[in-house]
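Have a look at the structure below before the remarks.
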Protein chains: 2
Amino acid sequence: MITSKQNAIIKRIKKLQQRKNRKKTQKFIVEGFHLIEEAIKSHFTVEEIIKTEHVELPDYIDIDQVMTVSDTIFSHLSMTETPQGILAVVQMKASYDYSGDKLLLLDGVQDPGNVGTLIRTADAAGFSAVILGDGSADVYNDKTIRATQGSLFHIPVISKDLQQEIPQLQAKDYMICVTTLEEATDYKAIRIDKPFALVMGNEGSGVQADIQNSSDVRVKIPIYGQAESLNVAVAAGILMYEFSN
Amino acid sequence: MITSKQNAIIKRIKKLQQRKNRKKTQKFIVEGFHLIEEAIKSHFTVEEIIKTEHVELPDYIDIDQVMTVSDTIFSHLSMTETPQGILAVVQMKASYDYSGDKLLLLDGVQDPGNVGTLIRTADAAGFSAVILGDGSADVYNDKTIRATQGSLFHIPVISKDLQQEIPQLQAKDYMICVTTLEEATDYKAIRIDKPFALVMGNEGSGVQADIQNSSDVRVKIPIYGQAESLNVAVAAGILMYEFSN
């Protein structure tokens, strides 16, 4: 049982809490039974398991690399308020193709909880993939992963430069729908009869002007009360379910 | 300028970070310019302002009780990551009637961020009021208030025992719609032609069985992908916008 924070394995795993080290090693951490089960069932490679001595491994965890650590060391590695005593190191996908006729594009959605909830909602609504533009929260952030509730392992989630990606999608006859509050059509009046990409913007400033200008249709959700706007994940949920039907 | 944590005023305000003290004094804290402006424009009474010396009071703040504190003291009182250097003490409403034909009832929604986003979404969708049942997060929690983005000051938000409130609403001919995953009708197939209350449940366990059984209609949102469920605020957003139309 590992009991020291200075242990090389513990130091290596602790470093994965930082985005730059995740990027360098192409690995990330998932914590808790449910997320680890979803990772194992998916096409991702789960490399190693770290657990406390109290945790019994369930049958679905059939991995050679299992390390037992003290409660103190687990707390040192854990990012949750009520740790379940188990986490896994997972490999990122080297290349990750996507296809399908319903895409969600995120243009600088900053809050990890929002990005995670957007991925979960896209999965539920039957969307094909989520494309994260520059300035969006890291999908491998612990808060993002928790908010996806495992949907990260169900549909492709890919980082791309949206200004390059959108013309390529248009060349493939995708309709680009951006959400905006001004000069936009009520979402209930929009008819979509071909593959499309829905673009959601930053929590404060919305979709960038360049991307708004390159879109095929501008869509808005009416506000009936005194609220200034909707939360980005709620707005996307309303639109994705409407456009799925 | 107040510079000591031991100052009686600072100690009194600091105590409002705890729910029991908010309940006892019937006061709560709102932080930041936008929320304070919404509170002042509303029918709530803003009692006092606490600010740092760097903050210039905008014109809309016309309140006699203004205290200036050091940056250290402000950090001691602040609940935000990037404080704006201003907070207000606001009185709760002694009694708070509600009416209207679209109500949102929350049965044990635990996460303050979810409760706040639900209030914001209910406001945006033109709902009349939000009723918080037992076990729901406190509306006067700092995280809840932040997530409402001010909608707390736009529509009535009231704590009630839902098991008592629901029969009273039914006696007034409200239709009670509960959300559940089983034995439920697809939300797109539901027609509502009278006043209604939409009941959303706990993040893990959903709406209590007792309340499910006393409902008039059970509604569900289909899951097209592999996600097990939707976030409660996203689900409520989809339903509130559908039923508003």
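How things are named: the first chain in the structure tokens is A, the next is B, and so on; residues count from 1 in each chain; ligands count from 1 in the order shown.
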
Within 8 Å of chain B, which residues of chain A come that close, and what is the closest atom pair and distance in Å for each? Count only C-alpha atoms and give it as JSON lines.
```
{"residue": "A:Thr117", "atom": "CA", "partner": "B:Asn231", "partner_atom": "CA", "distance": 7.0}
{"residue": "A:Arg120", "atom": "CA", "partner": "B:Ala227", "partner_atom": "CA", "distance": 6.5}
{"residue": "A:Thr121", "atom": "CA", "partner": "B:Leu230", "partner_atom": "CA", "distance": 6.2}
{"residue": "A:Asp123", "atom": "CA", "partner": "B:Gly225", "partner_atom": "CA", "distance": 5.1}
{"residue": "A:Ala124", "atom": "CA", "partner": "B:Gly225", "partner_atom": "CA", "distance": 4.7}
{"residue": "A:Ala125", "atom": "CA", "partner": "B:Tyr224", "partner_atom": "CA", "distance": 5.4}
{"residue": "A:Gly126", "atom": "CA", "partner": "B:Gly225", "partner_atom": "CA", "distance": 4.5}
{"residue": "A:Phe127", "atom": "CA", "partner": "B:Gly225", "partner_atom": "CA", "distance": 7.5}
{"residue": "A:Gln149", "atom": "CA", "partner": "B:Ala227", "partner_atom": "CA", "distance": 7.8}
{"residue": "A:Gly150", "atom": "CA", "partner": "B:Ala227", "partner_atom": "CA", "distance": 7.5}
{"residue": "A:Ser151", "atom": "CA", "partner": "B:Ala227", "partner_atom": "CA", "distance": 5.9}
{"residue": "A:His154", "atom": "CA", "partner": "B:Gln226", "partner_atom": "CA", "distance": 6.5}
{"residue": "A:Ile223", "atom": "CA", "partner": "B:Ala124", "partner_atom": "CA", "distance": 4.9}
{"residue": "A:Tyr224", "atom": "CA", "partner": "B:Gly126", "partner_atom": "CA", "distance": 4.6}
{"residue": "A:Gly225", "atom": "CA", "partner": "B:Gly126", "partner_atom": "CA", "distance": 4.5}
{"residue": "A:Gln226", "atom": "CA", "partner": "B:Asp123", "partner_atom": "CA", "distance": 6.4}
{"residue": "A:Ala227", "atom": "CA", "partner": "B:Ala124", "partner_atom": "CA", "distance": 5.0}
{"residue": "A:Glu228", "atom": "CA", "partner": "B:Ala124", "partner_atom": "CA", "distance": 7.6}
{"residue": "A:Ser229", "atom": "CA", "partner": "B:Ala124", "partner_atom": "CA", "distance": 7.0}
{"residue": "A:Leu230", "atom": "CA", "partner": "B:Thr121", "partner_atom": "CA", "distance": 6.2}
{"residue": "A:Asn231", "atom": "CA", "partner": "B:Thr117", "partner_atom": "CA", "distance": 7.0}
{"residue": "A:Ala233", "atom": "CA", "partner": "B:Val234", "partner_atom": "CA", "distance": 6.7}
{"residue": "A:Val234", "atom": "CA", "partner": "B:Val234", "partner_atom": "CA", "distance": 4.5}
{"residue": "A:Ala235", "atom": "CA", "partner": "B:Gly237", "partner_atom": "CA", "distance": 7.6}
{"residue": "A:Gly237", "atom": "CA", "partner": "B:Val234", "partner_atom": "CA", "distance": 5.8}
{"residue": "A:Ile238", "atom": "CA", "partner": "B:Ile238", "partner_atom": "CA", "distance": 4.8}
{"residue": "A:Tyr241", "atom": "CA", "partner": "B:Ile238", "partner_atom": "CA", "distance": 7.5}
```

Those residues you just picked out, can you put them in a file as a PDB file, in the first residue's frame with C-alpha atoms?
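Written file, result.pdb:
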```pdb
ATOM      1  CA  THR A 117     -23.918  19.344 -18.989  1.00  0.00           C
ATOM      2  CA  ARG A 120     -24.630  15.041 -21.407  1.00  0.00           C
ATOM      3  CA  THR A 121     -27.573  16.800 -23.074  1.00  0.00           C
ATOM      4  CA  ASP A 123     -25.894  12.577 -25.840  1.00  0.00           C
ATOM      5  CA  ALA A 124     -29.466  12.428 -24.478  1.00  0.00           C
ATOM      6  CA  ALA A 125     -30.859  14.331 -27.476  1.00  0.00           C
ATOM      7  CA  GLY A 126     -29.234  11.861 -29.879  1.00  0.00           C
ATOM      8  CA  PHE A 127     -26.635  14.271 -31.239  1.00  0.00           C
ATOM      9  CA  GLN A 149     -22.199  11.870 -16.117  1.00  0.00           C
ATOM     10  CA  GLY A 150     -20.335   9.532 -18.489  1.00  0.00           C
ATOM     11  CA  SER A 151     -21.614  10.947 -21.804  1.00  0.00           C
ATOM     12  CA  HIS A 154     -20.736   7.853 -25.402  1.00  0.00           C
ATOM     13  CA  ILE A 223     -37.778  35.384 -23.104  1.00  0.00           C
ATOM     14  CA  TYR A 224     -41.309  35.720 -21.692  1.00  0.00           C
ATOM     15  CA  GLY A 225     -40.349  37.022 -18.224  1.00  0.00           C
ATOM     16  CA  GLN A 226     -37.792  39.489 -16.865  1.00  0.00           C
ATOM     17  CA  ALA A 227     -34.719  37.226 -17.074  1.00  0.00           C
ATOM     18  CA  GLU A 228     -32.077  38.600 -19.433  1.00  0.00           C
ATOM     19  CA  SER A 229     -31.105  35.224 -20.835  1.00  0.00           C
ATOM     20  CA  LEU A 230     -31.121  31.475 -20.296  1.00  0.00           C
ATOM     21  CA  ASN A 231     -28.244  29.369 -18.998  1.00  0.00           C
ATOM     22  CA  ALA A 233     -26.934  24.394 -21.217  1.00  0.00           C
ATOM     23  CA  VAL A 234     -30.672  24.972 -20.705  1.00  0.00           C
ATOM     24  CA  ALA A 235     -30.911  26.937 -23.977  1.00  0.00           C
ATOM     25  CA  GLY A 237     -31.302  21.543 -24.342  1.00  0.00           C
ATOM     26  CA  ILE A 238     -34.414  23.347 -25.575  1.00  0.00           C
ATOM     27  CA  TYR A 241     -34.738  18.604 -28.396  1.00  0.00           C
TER      28      TYR A 241
END
```

Legend entry - Backbone DSSP call of helix (DSSP H, G or I) for region 4-191 of chain B, listed as an NGL selection string: :B and (8-17 or 19-25 or 33-41 or 71-77 or 112-124 or 142-148 or 151-153 or 162-171 or 187-189)

Inset, instruction - Would you mind writing down, as a ChimeraX atom specification, each residue of region 14-203 of chain B that DSSP on the backbone assigns to strand (DSSP E or B)? - result: /B:27-31,46-52,66-69,86-91,102-107,129-132,157-159,175-179,185-186,196-202

Legend entry - For CA of Gln26 (chain A) and CA of Leu132 (chain A), the interatomic separation in Å (one decimal):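 According to the coordinates, CA of Gln26 (chain A) and CA of Leu132 (chain A) are separated by 17.0 Å.
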
Inset, instruction - Can you pull out every residue within 7 Å of Phe44 (chain A), counting only C-alpha atoms, but drop anything in the same chain fewer than 5 positions away, and send it as a list in words? - result: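 That gives Ala39, Gln91 and Lys93 of chain A.
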
Once you have the residues from the selection above, write them out as a PDB file, in the first residue's frame, restricted to N, CA and C atoms.
```pdb
ATOM      1  N   ALA A  39     -16.259   4.383 -18.707  1.00  0.00           N
ATOM      2  CA  ALA A  39     -14.989   4.423 -19.453  1.00  0.00           C
ATOM      3  C   ALA A  39     -14.608   3.020 -19.932  1.00  0.00           C
ATOM      4  N   GLN A  91      -6.550   6.882 -21.133  1.00  0.00           N
ATOM      5  CA  GLN A  91      -5.862   7.480 -22.285  1.00  0.00           C
ATOM      6  C   GLN A  91      -6.829   8.313 -23.124  1.00  0.00           C
ATOM      7  N   LYS A  93      -8.080   9.777 -26.735  1.00  0.00           N
ATOM      8  CA  LYS A  93      -8.069   9.179 -28.071  1.00  0.00           C
ATOM      9  C   LYS A  93      -7.104   9.954 -28.956  1.00  0.00           C
TER      10      LYS A  93
END
```

Inset, instruction - Quick one: pull the distance between CA of Ile190 (chain A) and CA of Tyr174 (chain A), Å, one decimal. - result: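 Pair CA of Ile190 (chain A) / CA of Tyr174 (chain A) returns 15.0 Å.
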
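Residue neighbourhood of Leu16 (chain A), excluding near-sequence residues (fewer than 2 positions): Arg12, Ile13, Lys14, Gln18, Arg19, Lys20, Asn21, Arg22, Lys23, Thr25, Lys27, Phe28, Ile29 and Val89 of chain A, at 9 Å, using only C-alpha atoms.
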